[in-house]
file run_12.txt (compact mmCIF, C-alpha atoms)
# COMPACT_ATOMS: atom_id res chain seq x y z
CA MET V 1 -156.97 130.24 -104.25
CA ILE V 2 -154.25 130.48 -106.88
CA THR V 3 -155.65 131.81 -110.12
CA ARG V 4 -154.93 130.29 -113.51
CA ARG V 5 -153.25 133.53 -114.53
CA GLN V 6 -150.89 133.34 -111.54
CA SER V 7 -150.03 129.73 -112.24
CA LEU V 8 -149.05 130.63 -115.79
CA THR V 9 -146.78 133.52 -114.82
CA GLY V 10 -143.27 132.96 -116.12
CA MET V 11 -144.19 129.63 -117.69
CA ALA V 12 -142.95 130.48 -121.17
CA THR V 13 -139.52 131.52 -119.90
CA LEU V 14 -139.16 128.53 -117.60
CA GLY V 15 -140.36 126.12 -120.27
CA ALA V 16 -137.51 126.77 -122.67
CA ALA V 17 -134.89 126.59 -119.95
CA THR V 18 -136.28 123.42 -118.40
CA LEU V 19 -136.66 121.67 -121.73
CA GLY V 20 -133.06 122.44 -122.47
CA LEU V 21 -132.00 120.88 -119.17
CA ALA V 22 -134.20 117.85 -119.75
CA GLY V 23 -132.64 117.38 -123.16
CA CYS V 24 -129.29 117.02 -121.46
CA SER V 25 -130.56 114.31 -119.11
CA SER V 26 -129.56 110.76 -119.84
CA LEU V 27 -131.21 107.76 -118.28
CA ARG V 28 -128.72 104.98 -117.89
CA PRO V 29 -130.13 102.03 -115.96
CA GLY V 30 -127.45 100.71 -113.66
CA GLY V 31 -125.82 104.12 -113.44
CA GLY V 32 -123.20 105.51 -115.85
CA GLY V 33 -122.67 102.13 -117.54
CA GLY V 34 -125.38 102.40 -120.20
CA GLY V 35 -127.76 99.63 -119.22
CA GLY V 36 -125.87 96.45 -118.56
CA SER V 37 -127.39 93.19 -117.43
CA ASP V 38 -127.32 94.30 -113.81
CA GLY V 39 -129.96 96.93 -114.73
CA GLY V 40 -130.85 99.21 -111.86
CA SER V 41 -129.32 96.93 -109.23
CA GLY V 42 -125.84 98.40 -109.50
CA GLY V 43 -124.36 101.18 -107.45
CA GLY V 44 -125.20 103.97 -109.91
CA SER V 45 -128.30 106.12 -109.95
CA ASN V 46 -130.87 107.03 -112.58
CA THR V 47 -133.06 110.08 -112.84
CA LEU V 48 -136.53 109.71 -114.30
CA VAL V 49 -137.77 113.04 -115.69
CA LEU V 50 -141.53 113.28 -115.09
CA GLY V 51 -143.67 115.92 -116.77
CA HIS V 52 -147.31 116.91 -116.63
CA ALA V 53 -149.50 119.84 -117.67
CA GLY V 54 -151.07 120.55 -114.29
CA SER V 55 -150.18 123.30 -111.83
CA GLU V 56 -148.50 122.70 -108.46
CA THR V 57 -151.97 122.52 -106.87
CA ASP V 58 -153.31 120.03 -109.45
CA PRO V 59 -153.97 116.41 -108.40
CA ARG V 60 -151.34 115.33 -110.94
CA GLN V 61 -148.72 117.07 -108.84
CA LYS V 62 -149.78 115.09 -105.77
CA GLY V 63 -149.60 111.91 -107.83
CA SER V 64 -146.15 112.90 -109.06
CA GLU V 65 -144.89 113.56 -105.56
CA GLN V 66 -146.28 110.25 -104.32
CA ILE V 67 -144.71 108.15 -107.08
CA LYS V 68 -141.40 109.98 -106.57
CA GLU V 69 -141.44 109.12 -102.87
CA LEU V 70 -142.36 105.46 -103.47
CA ILE V 71 -139.82 104.83 -106.23
CA GLU V 72 -136.95 106.55 -104.47
CA GLU V 73 -137.66 104.82 -101.15
CA ARG V 74 -138.18 101.33 -102.58
CA SER V 75 -135.15 101.52 -104.87
CA ASP V 76 -132.94 102.69 -102.00
CA GLY V 77 -132.05 105.75 -104.04
CA ARG V 78 -131.02 103.86 -107.19
CA ILE V 79 -133.78 105.70 -109.01
CA THR V 80 -134.70 109.34 -108.46
CA VAL V 81 -137.64 111.21 -109.97
CA GLU V 82 -137.44 114.81 -111.17
CA ILE V 83 -140.87 116.48 -111.41
CA HIS V 84 -141.76 119.22 -113.93
CA ALA V 85 -145.30 120.65 -113.64
CA ASN V 86 -147.07 123.42 -115.58
CA SER V 87 -146.08 122.12 -119.04
CA THR V 88 -142.55 123.40 -118.44
CA LEU V 89 -141.28 120.53 -120.61
CA GLY V 90 -143.63 121.55 -123.41
CA SER V 91 -147.19 120.64 -124.39
CA TRP V 92 -148.38 117.12 -123.66
CA GLU V 93 -147.79 116.30 -127.32
CA GLN V 94 -144.16 117.44 -127.01
CA MET V 95 -143.67 115.61 -123.73
CA ILE V 96 -144.92 112.36 -125.22
CA GLU V 97 -142.58 112.77 -128.20
CA GLY V 98 -139.89 113.31 -125.58
CA LEU V 99 -140.55 109.82 -124.19
CA GLN V 100 -139.30 108.37 -127.46
CA LEU V 101 -136.38 110.80 -127.64
CA GLY V 102 -135.33 110.25 -124.03
CA THR V 103 -135.78 113.89 -122.98
CA THR V 104 -138.66 112.85 -120.72
CA HIS V 105 -139.23 109.46 -119.12
CA ILE V 106 -142.68 109.64 -117.54
CA VAL V 107 -145.65 111.76 -118.65
CA ILE V 108 -148.99 111.86 -116.85
CA GLU V 109 -151.64 111.74 -119.56
CA SER V 110 -154.68 109.77 -120.63
CA ILE V 111 -155.17 107.40 -123.54
CA LEU V 112 -156.52 110.20 -125.73
CA ALA V 113 -152.92 111.45 -125.96
CA LEU V 114 -152.05 108.32 -127.95
CA GLU V 115 -154.64 108.86 -130.69
CA ALA V 116 -151.90 110.28 -132.92
CA TYR V 117 -150.07 106.93 -132.62
CA THR V 118 -152.96 104.47 -132.96
CA ASP V 119 -156.65 104.61 -133.78
CA LEU V 120 -157.20 102.08 -130.98
CA ALA V 121 -157.10 105.09 -128.63
CA GLY V 122 -160.61 105.83 -129.88
CA VAL V 123 -161.80 103.46 -127.15
CA GLU V 124 -161.36 106.34 -124.72
CA THR V 125 -162.37 109.30 -126.89
CA ALA V 126 -165.57 107.73 -128.26
CA PRO V 127 -168.39 109.75 -126.63
CA PHE V 128 -171.16 108.70 -124.24
CA LEU V 129 -169.84 105.19 -123.56
CA TYR V 130 -170.41 105.13 -119.81
CA GLU V 131 -173.51 105.56 -117.68
CA SER V 132 -171.78 105.75 -114.30
CA ASP V 133 -168.50 105.73 -112.41
CA GLU V 134 -169.22 102.15 -111.37
CA GLN V 135 -169.42 101.00 -114.97
CA PHE V 136 -166.14 102.73 -115.73
CA PHE V 137 -164.36 101.10 -112.78
CA GLY V 138 -165.75 97.71 -113.77
CA VAL V 139 -164.07 98.06 -117.14
CA TRP V 140 -160.72 99.56 -116.18
CA ASP V 141 -160.12 97.64 -112.97
CA GLY V 142 -160.90 94.36 -114.71
CA GLU V 143 -159.70 92.09 -117.48
CA LEU V 144 -161.06 94.27 -120.29
CA GLY V 145 -159.10 97.31 -119.12
CA ALA V 146 -155.92 95.24 -118.89
CA GLU V 147 -156.52 93.89 -122.39
CA ILE V 148 -157.02 97.39 -123.82
CA LYS V 149 -153.86 98.73 -122.18
CA ALA V 150 -151.80 95.76 -123.39
CA SER V 151 -153.08 96.24 -126.95
CA LEU V 152 -152.22 99.94 -126.88
CA THR V 153 -148.70 99.14 -125.66
CA GLU V 154 -148.26 96.59 -128.43
CA GLU V 155 -149.48 99.07 -131.06
CA THR V 156 -147.56 102.14 -129.87
CA GLY V 157 -144.61 101.09 -127.74
CA PHE V 158 -145.88 103.18 -124.80
CA GLU V 159 -146.47 101.55 -121.41
CA LEU V 160 -149.57 102.75 -119.52
CA LEU V 161 -148.90 102.37 -115.81
CA GLY V 162 -151.51 102.83 -113.09
CA ASN V 163 -155.14 103.95 -113.40
CA MET V 164 -155.75 107.44 -112.01
CA PHE V 165 -159.46 108.23 -112.33
CA ARG V 166 -160.15 111.75 -113.58
CA GLY V 167 -163.93 111.77 -113.40
CA ALA V 168 -166.32 112.52 -116.24
CA ARG V 169 -165.67 115.35 -118.69
CA ASN V 170 -168.21 118.17 -118.63
CA LEU V 171 -168.77 121.34 -120.64
CA THR V 172 -168.11 124.83 -119.25
CA VAL V 173 -169.47 127.86 -121.11
CA ASN V 174 -170.71 131.42 -120.57
CA SER V 175 -174.39 130.70 -121.19
CA GLU V 176 -176.94 128.10 -120.18
CA VAL V 177 -176.58 125.04 -122.40
CA ALA V 178 -179.26 122.58 -121.32
CA THR V 179 -180.22 121.47 -124.84
CA LEU V 180 -178.51 120.68 -128.11
CA ASP V 181 -180.07 123.76 -129.69
CA ALA V 182 -178.32 126.00 -127.16
CA LEU V 183 -174.93 124.55 -128.14
CA GLN V 184 -175.22 125.41 -131.83
CA GLY V 185 -172.47 127.69 -133.14
CA LEU V 186 -170.49 127.93 -129.88
CA THR V 187 -166.70 127.60 -130.16
CA ILE V 188 -165.52 124.85 -127.84
CA ARG V 189 -161.89 124.08 -127.11
CA THR V 190 -160.91 120.41 -127.39
CA PRO V 191 -157.64 118.51 -127.15
CA SER V 192 -155.90 117.86 -130.47
CA THR V 193 -157.47 114.44 -130.97
CA GLN V 194 -159.59 113.92 -134.05
CA THR V 195 -162.35 111.94 -132.39
CA MET V 196 -162.98 114.72 -129.88
CA VAL V 197 -162.90 117.40 -132.57
CA ASP V 198 -165.38 115.34 -134.61
CA THR V 199 -167.62 114.85 -131.57
CA TRP V 200 -168.17 118.56 -130.97
CA GLN V 201 -168.55 119.36 -134.64
CA MET V 202 -171.23 116.68 -134.97
CA LEU V 203 -172.98 118.20 -131.99
CA GLY V 204 -173.14 121.53 -133.84
CA ALA V 205 -170.35 123.42 -132.08
CA ARG V 206 -167.21 124.82 -133.67
CA ALA V 207 -164.43 122.65 -132.27
CA GLU V 208 -161.13 124.44 -131.70
CA ALA V 209 -158.12 122.24 -130.90
CA MET V 210 -155.87 124.36 -128.68
CA PRO V 211 -152.94 123.74 -126.29
CA TRP V 212 -154.13 123.79 -122.70
CA ASP V 213 -151.81 126.61 -121.63
CA GLU V 214 -153.63 128.94 -124.07
CA VAL V 215 -157.15 128.12 -122.90
CA TYR V 216 -157.57 130.49 -119.96
CA SER V 217 -156.55 133.58 -121.93
CA ALA V 218 -158.66 132.45 -124.92
CA LEU V 219 -161.71 132.18 -122.66
CA GLU V 220 -160.93 135.51 -121.02
CA GLN V 221 -160.63 137.25 -124.39
CA GLY V 222 -163.69 135.57 -125.88
CA VAL V 223 -161.72 133.76 -128.56
CA ILE V 224 -163.53 130.58 -127.52
CA ASP V 225 -166.86 130.17 -125.76
CA GLY V 226 -166.12 127.10 -123.67
CA GLN V 227 -164.09 124.01 -122.99
CA GLU V 228 -164.69 120.47 -121.74
CA ASN V 229 -162.82 118.68 -118.96
CA PRO V 230 -163.40 116.97 -115.62
CA LEU V 231 -164.44 119.20 -112.72
CA ASP V 232 -161.01 119.17 -111.10
CA THR V 233 -159.58 120.94 -114.14
CA ALA V 234 -162.16 123.70 -113.86
CA ALA V 235 -161.56 124.07 -110.12
CA PHE V 236 -157.75 123.95 -110.04
CA ASN V 237 -157.39 126.24 -113.06
CA ALA V 238 -159.83 128.85 -111.75
CA LEU V 239 -162.09 128.60 -114.79
CA TYR V 240 -164.88 130.10 -112.69
CA GLU V 241 -163.11 133.41 -113.32
CA VAL V 242 -163.84 133.18 -117.04
CA GLN V 243 -166.84 130.78 -117.28
CA THR V 244 -170.30 131.15 -115.79
CA HIS V 245 -171.95 127.77 -116.42
CA CYS V 246 -171.09 124.07 -116.28
CA THR V 247 -173.29 121.64 -118.22
CA LEU V 248 -173.08 118.09 -116.85
CA THR V 249 -172.65 116.39 -120.21
CA GLN V 250 -170.53 113.54 -118.79
CA HIS V 251 -169.70 112.74 -122.38
CA MET V 252 -166.41 110.98 -121.72
CA TYR V 253 -164.72 109.19 -118.82
CA ALA V 254 -160.98 108.68 -118.51
CA ASN V 255 -158.03 107.73 -116.36
CA TYR V 256 -154.67 109.37 -116.29
CA HIS V 257 -151.75 106.97 -116.61
CA PHE V 258 -148.02 107.22 -116.08
CA LEU V 259 -146.88 106.88 -119.70
CA MET V 260 -143.40 105.49 -120.33
CA TRP V 261 -141.61 104.42 -123.47
CA GLY V 262 -141.43 100.63 -123.34
CA ASP V 263 -137.72 100.42 -124.15
CA THR V 264 -136.92 102.83 -121.33
CA LEU V 265 -138.80 100.72 -118.79
CA ALA V 266 -137.28 97.51 -120.16
CA GLY V 267 -133.80 98.96 -119.59
CA PHE V 268 -134.24 98.53 -115.85
CA SER V 269 -133.66 95.32 -113.93
CA GLU V 270 -136.70 93.15 -113.29
CA GLU V 271 -136.60 94.28 -109.66
CA ASP V 272 -136.69 97.95 -110.54
CA GLN V 273 -139.33 97.49 -113.23
CA GLN V 274 -141.51 95.91 -110.57
CA ILE V 275 -140.84 98.82 -108.20
CA ILE V 276 -141.93 101.32 -110.87
CA ARG V 277 -145.02 99.33 -111.87
CA GLU V 278 -146.16 98.71 -108.31
CA ALA V 279 -145.60 102.34 -107.36
CA ALA V 280 -147.73 103.46 -110.32
CA ASP V 281 -150.50 101.03 -109.34
CA GLU V 282 -150.44 102.23 -105.74
CA VAL V 283 -150.57 105.88 -106.75
CA GLY V 284 -153.42 105.04 -109.13
CA ARG V 285 -155.51 103.60 -106.32
CA THR V 286 -154.84 106.57 -104.03
CA TYR V 287 -155.50 109.08 -106.83
CA THR V 288 -158.78 107.40 -107.71
CA GLU V 289 -159.94 107.33 -104.09
CA ARG V 290 -159.07 111.02 -103.78
CA THR V 291 -160.94 111.90 -106.97
CA VAL V 292 -164.10 110.04 -105.94
CA ALA V 293 -164.00 111.67 -102.51
CA SER V 294 -163.41 115.13 -103.98
CA LEU V 295 -165.95 115.33 -106.83
CA GLU V 296 -168.62 116.94 -104.66
CA GLU V 297 -165.99 119.27 -103.20
CA TYR V 298 -164.98 120.40 -106.70
CA ARG V 299 -168.60 121.17 -107.53
CA THR V 300 -169.08 123.00 -104.24
CA THR V 301 -165.95 125.06 -104.90
CA LEU V 302 -167.12 126.03 -108.37
CA GLU V 303 -170.63 126.86 -107.19
CA GLY V 304 -169.18 128.88 -104.35
CA GLU V 305 -167.30 130.95 -106.90
CA GLY V 306 -170.52 131.60 -108.81
CA MET V 307 -170.56 128.88 -111.46
CA ILE V 308 -174.06 127.62 -112.28
CA PHE V 309 -174.53 123.88 -112.89
CA VAL V 310 -176.94 122.73 -115.60
CA GLU V 311 -178.36 119.26 -116.34
CA LEU V 312 -178.87 118.10 -119.92
CA GLU V 313 -182.54 117.99 -120.85
CA ASP V 314 -182.14 116.06 -124.10
CA ARG V 315 -179.18 113.71 -123.61
CA ASP V 316 -180.61 111.17 -126.06
CA GLN V 317 -180.36 113.74 -128.86
CA TRP V 318 -176.68 114.36 -128.05
CA VAL V 319 -175.99 110.63 -128.12
CA GLU V 320 -177.81 110.21 -131.42
CA LYS V 321 -175.92 113.10 -133.06
CA VAL V 322 -172.52 111.50 -132.43
CA SER V 323 -173.51 107.97 -133.43
CA PRO V 324 -171.70 108.22 -136.82
CA ILE V 325 -168.38 108.26 -134.92
CA PHE V 326 -168.90 104.63 -133.97
CA GLU V 327 -169.29 103.62 -137.59
CA GLU V 328 -165.73 104.78 -138.28
CA LEU V 329 -164.06 102.99 -135.38
CA PRO V 330 -161.65 100.08 -136.03
CA ASP V 331 -163.13 96.62 -135.62
CA GLN V 332 -161.18 96.00 -132.42
CA VAL V 333 -162.47 99.22 -130.85
CA THR V 334 -166.02 98.37 -131.91
CA THR V 335 -165.66 95.05 -130.08
CA TRP V 336 -164.42 96.84 -126.96
CA VAL V 337 -167.28 99.34 -127.18
CA GLU V 338 -169.80 96.51 -127.23
CA GLN V 339 -168.13 94.93 -124.19
CA ILE V 340 -168.09 98.25 -122.34
CA ARG V 341 -171.76 98.93 -123.05
CA ALA V 342 -172.64 95.42 -121.89
CA GLN V 343 -171.35 96.36 -118.43
CA ALA V 344 -173.77 99.29 -118.06

call {"tool": "encode", "arguments": {"input": "run_12.txt", "output": "structure tokens"}}
result
Amino acid sequence: MITRRQSLTGMATLGAATLGLAGCSSLRPGGGGGGGSDGGSGGGSNTLVLGHAGSETDPRQKGSEQIKELIEERSDGRITVEIHANSTLGSWEQMIEGLQLGTTHIVIESILALEAYTDLAGVETAPFLYESDEQFFGVWDGELGAEIKASLTEETGFELLGNMFRGARNLTVNSEVATLDALQGLTIRTPSTQTMVDTWQMLGARAEAMPWDEVYSALEQGVIDGQENPLDTAAFNALYEVQTHCTLTQHMYANYHFLMWGDTLAGFSEEDQQIIREAADEVGRTYTERTVASLEEYRTTLEGEGMIFVELEDRDQWVEKVSPIFEELPDQVTTWVEQIRAQA
């Protein structure tokens, strides 16, 4: 299995070069004409630059390759997709900024990545909302999920295409953490979203927001004690090399989406917009099916590499500790939270 260290080799050098190339890319729907009324139906071609933070073995890469194939085939080559894995276009924060600047055109990320743009993103980062996968699918495959995504687009300008289920986020550490007491004082890496930082601080840990490409070495060197992510992240990034335990906190559920800047998508003809949207939806379904089918495999892989799985013994105490977060949520998010909980 490819180790996280191997997947990071040369990344810093490649990142600067690739970002420079991406900055020179120009997306002109309809080919060299700058987006006329014929949109993508003309004889020209467009290149969509797609970035994600996963390695070439990560499920995001498979999703990227699938959407590339679908878009290029269904557009008869009018649209091509250029894939950049391993954060070679920068951190996810930089890639999302690039959507607005036109240096990237599609980024695979979850709603938490939009928390810097709207506090409505707290609907995903609010902890302990879901009791099961089935509850999560009921929300995001239904009218409520569509309403949430539409509201986020209206607030931020970003389109969220497709629903690619990631699974529940769990805690990995180097000690047994079965109770809240055992978590106290541990340094836990989180994404740079305030709600998630607040969550772990309220739980008694020291939350450390850190770019993902620094996490493996920080764990290896003991700079941080643990991190939290779905099981695929731990498996595909070889975290079993630097973490001994996984606590099944299941504190947050999320989808990945193909994020696009709305104006970029709107620059295409109606036909090509439909091709892109339908391709994203199709990939989302395949990705979700693959995730559900692979969750046990991820656990088996991690256990086979020596990682010990631990169940929470006092989940109710964890839930109670983070309850103040819900008091600070916007009214609209509070309404969504109530609707989500009603589907449990």

call {"tool": "atom_distance", "arguments": {"input": "run_12.txt", "atom1": "CA of Thr125 in chain V", "atom2": "CA of Gln339 in chain V"}}
result
15.7 Å

call {"tool": "closest_residue", "arguments": {"input": "run_12.txt", "among": "V:Thr195, V:Thr291, V:Gln250, V:Gln274", "to": "Ser323 in chain V", "atoms": "all atoms listed in the file"}}
result
V:Thr195

call {"tool": "residues_around", "arguments": {"input": "run_12.txt", "residues": "Asn170 in chain V", "least_positions_apart": "4", "cutoff": "9 Å", "atoms": "only C-alpha atoms", "output": "PyMOL selection string"}}
result
chain V and resi 227-231+246-252

call {"tool": "closest_atom_pairs", "arguments": {"input": "run_12.txt", "of": "range 39-110 of chain V", "to": "range 161-164 of chain V", "cutoff": "10 Å", "atoms": "all atoms listed in the file", "output": "CSV"}}
result
residue,atom,partner,partner_atom,distance
V:Pro59,CA,V:Met164,CA,9.8
V:Arg60,CA,V:Met164,CA,9.1
V:Gly63,CA,V:Met164,CA,8.7
V:Ile106,CA,V:Leu161,CA,9.7
V:Ile108,CA,V:Met164,CA,9.4
V:Glu109,CA,V:Met164,CA,9.6
V:Ser110,CA,V:Met164,CA,9.0

call {"tool": "write_last_selection", "arguments": {"input": "run_12.txt", "atoms": "C-alpha atoms", "output": "tab-separated table (two decimals), in the frame of the given file"}}
result
chain	number	residue	atom	x	y	z
V	59	PRO	CA	-153.97	116.41	-108.40
V	60	ARG	CA	-151.34	115.33	-110.94
V	63	GLY	CA	-149.60	111.91	-107.83
V	106	ILE	CA	-142.68	109.64	-117.54
V	108	ILE	CA	-148.99	111.86	-116.85
V	109	GLU	CA	-151.64	111.74	-119.56
V	110	SER	CA	-154.68	109.77	-120.63

call {"tool": "atom_distance", "arguments": {"input": "run_12.txt", "atom1": "CA of Gln66 in chain V", "atom2": "CA of Thr47 in chain V"}}
result
15.7 Å

call {"tool": "closest_residue", "arguments": {"input": "run_12.txt", "among": "V:Ala178, V:Met260, V:Ile111, V:Val319", "to": "Gly51 in chain V", "atoms": "all atoms listed in the file"}}
result
V:Met260

call {"tool": "residues_around", "arguments": {"input": "run_12.txt", "residues": "Thr199 in chain V", "least_positions_apart": "3", "cutoff": "8 Å", "atoms": "only C-alpha atoms", "output": "PyMOL selection string"}}
result
chain V and resi 127+195-196+202-203+322+325

call {"tool": "closest_residue", "arguments": {"input": "run_12.txt", "among": "V:Thr264, V:Gln194, V:Gln221, V:Ser87", "to": "Leu99 in chain V", "atoms": "only C-alpha atoms"}}
result
V:Thr264

call {"tool": "closest_residue", "arguments": {"input": "run_12.txt", "among": "V:Gly222, V:Glu320, V:Asp272, V:Gly122", "to": "Asp76 in chain V", "atoms": "all atoms listed in the file"}}
result
V:Asp272

call {"tool": "closest_residue", "arguments": {"input": "run_12.txt", "among": "V:Glu296, V:Glu303, V:Asp58, V:Asp263", "to": "Gln100 in chain V", "atoms": "only C-alpha atoms"}}
result
V:Asp263

call {"tool": "residues_around", "arguments": {"input": "run_12.txt", "residues": "Thr187 in chain V", "least_positions_apart": "2", "cutoff": "8 Å", "atoms": "all atoms listed in the file", "output": "NGL selection string"}}
result
:V and (185 or 189 or 205-208 or 224-226)

call {"tool": "atom_distance", "arguments": {"input": "run_12.txt", "atom1": "CA of Leu186 in chain V", "atom2": "CA of Val223 in chain V"}}
result
10.6 Å

call {"tool": "axis_aligned_box", "arguments": {"input": "run_12.txt", "around": "range 61-79 of chain V", "padding_each_side": "6 Å", "output": "JSON"}}
result
{"center_x": -140.4, "center_y": 109.2, "center_z": -105.1, "size_x": 30.8, "size_y": 27.7, "size_z": 19.9}

call {"tool": "build_atoms", "arguments": {"input": "run_12.txt", "residues": "range 175-183 of chain V", "atoms": "all heavy atoms", "output": "PDB file, keeping the file's coordinate frame"}}
result
ATOM      1  N   SER V 175    -172.942 130.604-121.010  1.00  0.00           N
ATOM      2  CA  SER V 175    -174.390 130.700-121.190  1.00  0.00           C
ATOM      3  C   SER V 175    -174.989 129.380-120.752  1.00  0.00           C
ATOM      4  O   SER V 175    -174.282 128.387-120.596  1.00  0.00           O
ATOM      5  CB  SER V 175    -174.748 131.003-122.647  1.00  0.00           C
ATOM      6  OG  SER V 175    -174.231 129.984-123.501  1.00  0.00           O
ATOM      7  N   GLU V 176    -176.291 129.352-120.569  1.00  0.00           N
ATOM      8  CA  GLU V 176    -176.940 128.100-120.180  1.00  0.00           C
ATOM      9  C   GLU V 176    -177.090 127.194-121.389  1.00  0.00           C
ATOM     10  O   GLU V 176    -177.737 127.557-122.374  1.00  0.00           O
ATOM     11  CB  GLU V 176    -178.313 128.378-119.566  1.00  0.00           C
ATOM     12  CG  GLU V 176    -179.024 127.110-119.111  1.00  0.00           C
ATOM     13  CD  GLU V 176    -180.328 127.392-118.400  1.00  0.00           C
ATOM     14  OE1 GLU V 176    -180.341 128.269-117.523  1.00  0.00           O
ATOM     15  OE2 GLU V 176    -181.331 126.731-118.742  1.00  0.00           O
ATOM     16  N   VAL V 177    -176.475 126.018-121.322  1.00  0.00           N
ATOM     17  CA  VAL V 177    -176.580 125.040-122.400  1.00  0.00           C
ATOM     18  C   VAL V 177    -177.209 123.777-121.800  1.00  0.00           C
ATOM     19  O   VAL V 177    -176.523 122.891-121.296  1.00  0.00           O
ATOM     20  CB  VAL V 177    -175.216 124.724-123.031  1.00  0.00           C
ATOM     21  CG1 VAL V 177    -175.366 123.630-124.101  1.00  0.00           C
ATOM     22  CG2 VAL V 177    -174.605 125.981-123.643  1.00  0.00           C
ATOM     23  N   ALA V 178    -178.528 123.724-121.847  1.00  0.00           N
ATOM     24  CA  ALA V 178    -179.260 122.580-121.320  1.00  0.00           C
ATOM     25  C   ALA V 178    -179.766 121.684-122.449  1.00  0.00           C
ATOM     26  O   ALA V 178    -180.180 120.549-122.216  1.00  0.00           O
ATOM     27  CB  ALA V 178    -180.436 123.030-120.462  1.00  0.00           C
ATOM     28  N   THR V 179    -179.727 122.205-123.682  1.00  0.00           N
ATOM     29  CA  THR V 179    -180.220 121.470-124.840  1.00  0.00           C
ATOM     30  C   THR V 179    -179.215 121.569-125.988  1.00  0.00           C
ATOM     31  O   THR V 179    -178.348 122.448-126.002  1.00  0.00           O
ATOM     32  CB  THR V 179    -181.558 122.043-125.332  1.00  0.00           C
ATOM     33  OG1 THR V 179    -181.340 123.384-125.799  1.00  0.00           O
ATOM     34  CG2 THR V 179    -182.591 122.046-124.212  1.00  0.00           C
ATOM     35  N   LEU V 180    -179.377 120.678-126.934  1.00  0.00           N
ATOM     36  CA  LEU V 180    -178.510 120.680-128.110  1.00  0.00           C
ATOM     37  C   LEU V 180    -178.648 121.970-128.894  1.00  0.00           C
ATOM     38  O   LEU V 180    -177.663 122.508-129.427  1.00  0.00           O
ATOM     39  CB  LEU V 180    -178.847 119.468-128.982  1.00  0.00           C
ATOM     40  CG  LEU V 180    -177.823 119.061-130.057  1.00  0.00           C
ATOM     41  CD1 LEU V 180    -176.469 118.750-129.438  1.00  0.00           C
ATOM     42  CD2 LEU V 180    -178.352 117.849-130.828  1.00  0.00           C
ATOM     43  N   ASP V 181    -179.851 122.498-128.968  1.00  0.00           N
ATOM     44  CA  ASP V 181    -180.070 123.760-129.690  1.00  0.00           C
ATOM     45  C   ASP V 181    -179.223 124.891-129.116  1.00  0.00           C
ATOM     46  O   ASP V 181    -178.697 125.731-129.853  1.00  0.00           O
ATOM     47  CB  ASP V 181    -181.550 124.157-129.625  1.00  0.00           C
ATOM     48  CG  ASP V 181    -182.423 123.315-130.551  1.00  0.00           C
ATOM     49  OD1 ASP V 181    -181.857 122.629-131.433  1.00  0.00           O
ATOM     50  OD2 ASP V 181    -183.655 123.337-130.376  1.00  0.00           O
ATOM     51  N   ALA V 182    -179.066 124.914-127.799  1.00  0.00           N
ATOM     52  CA  ALA V 182    -178.320 126.000-127.160  1.00  0.00           C
ATOM     53  C   ALA V 182    -176.820 125.906-127.425  1.00  0.00           C
ATOM     54  O   ALA V 182    -176.089 126.894-127.266  1.00  0.00           O
ATOM     55  CB  ALA V 182    -178.568 125.977-125.655  1.00  0.00           C
ATOM     56  N   LEU V 183    -176.355 124.737-127.855  1.00  0.00           N
ATOM     57  CA  LEU V 183    -174.930 124.550-128.140  1.00  0.00           C
ATOM     58  C   LEU V 183    -174.546 125.060-129.524  1.00  0.00           C
ATOM     59  O   LEU V 183    -173.370 125.392-129.766  1.00  0.00           O
ATOM     60  CB  LEU V 183    -174.576 123.054-128.039  1.00  0.00           C
ATOM     61  CG  LEU V 183    -173.134 122.659-128.357  1.00  0.00           C
ATOM     62  CD1 LEU V 183    -172.189 123.158-127.268  1.00  0.00           C
ATOM     63  CD2 LEU V 183    -173.025 121.136-128.509  1.00  0.00           C
TER      64      LEU V 183
END
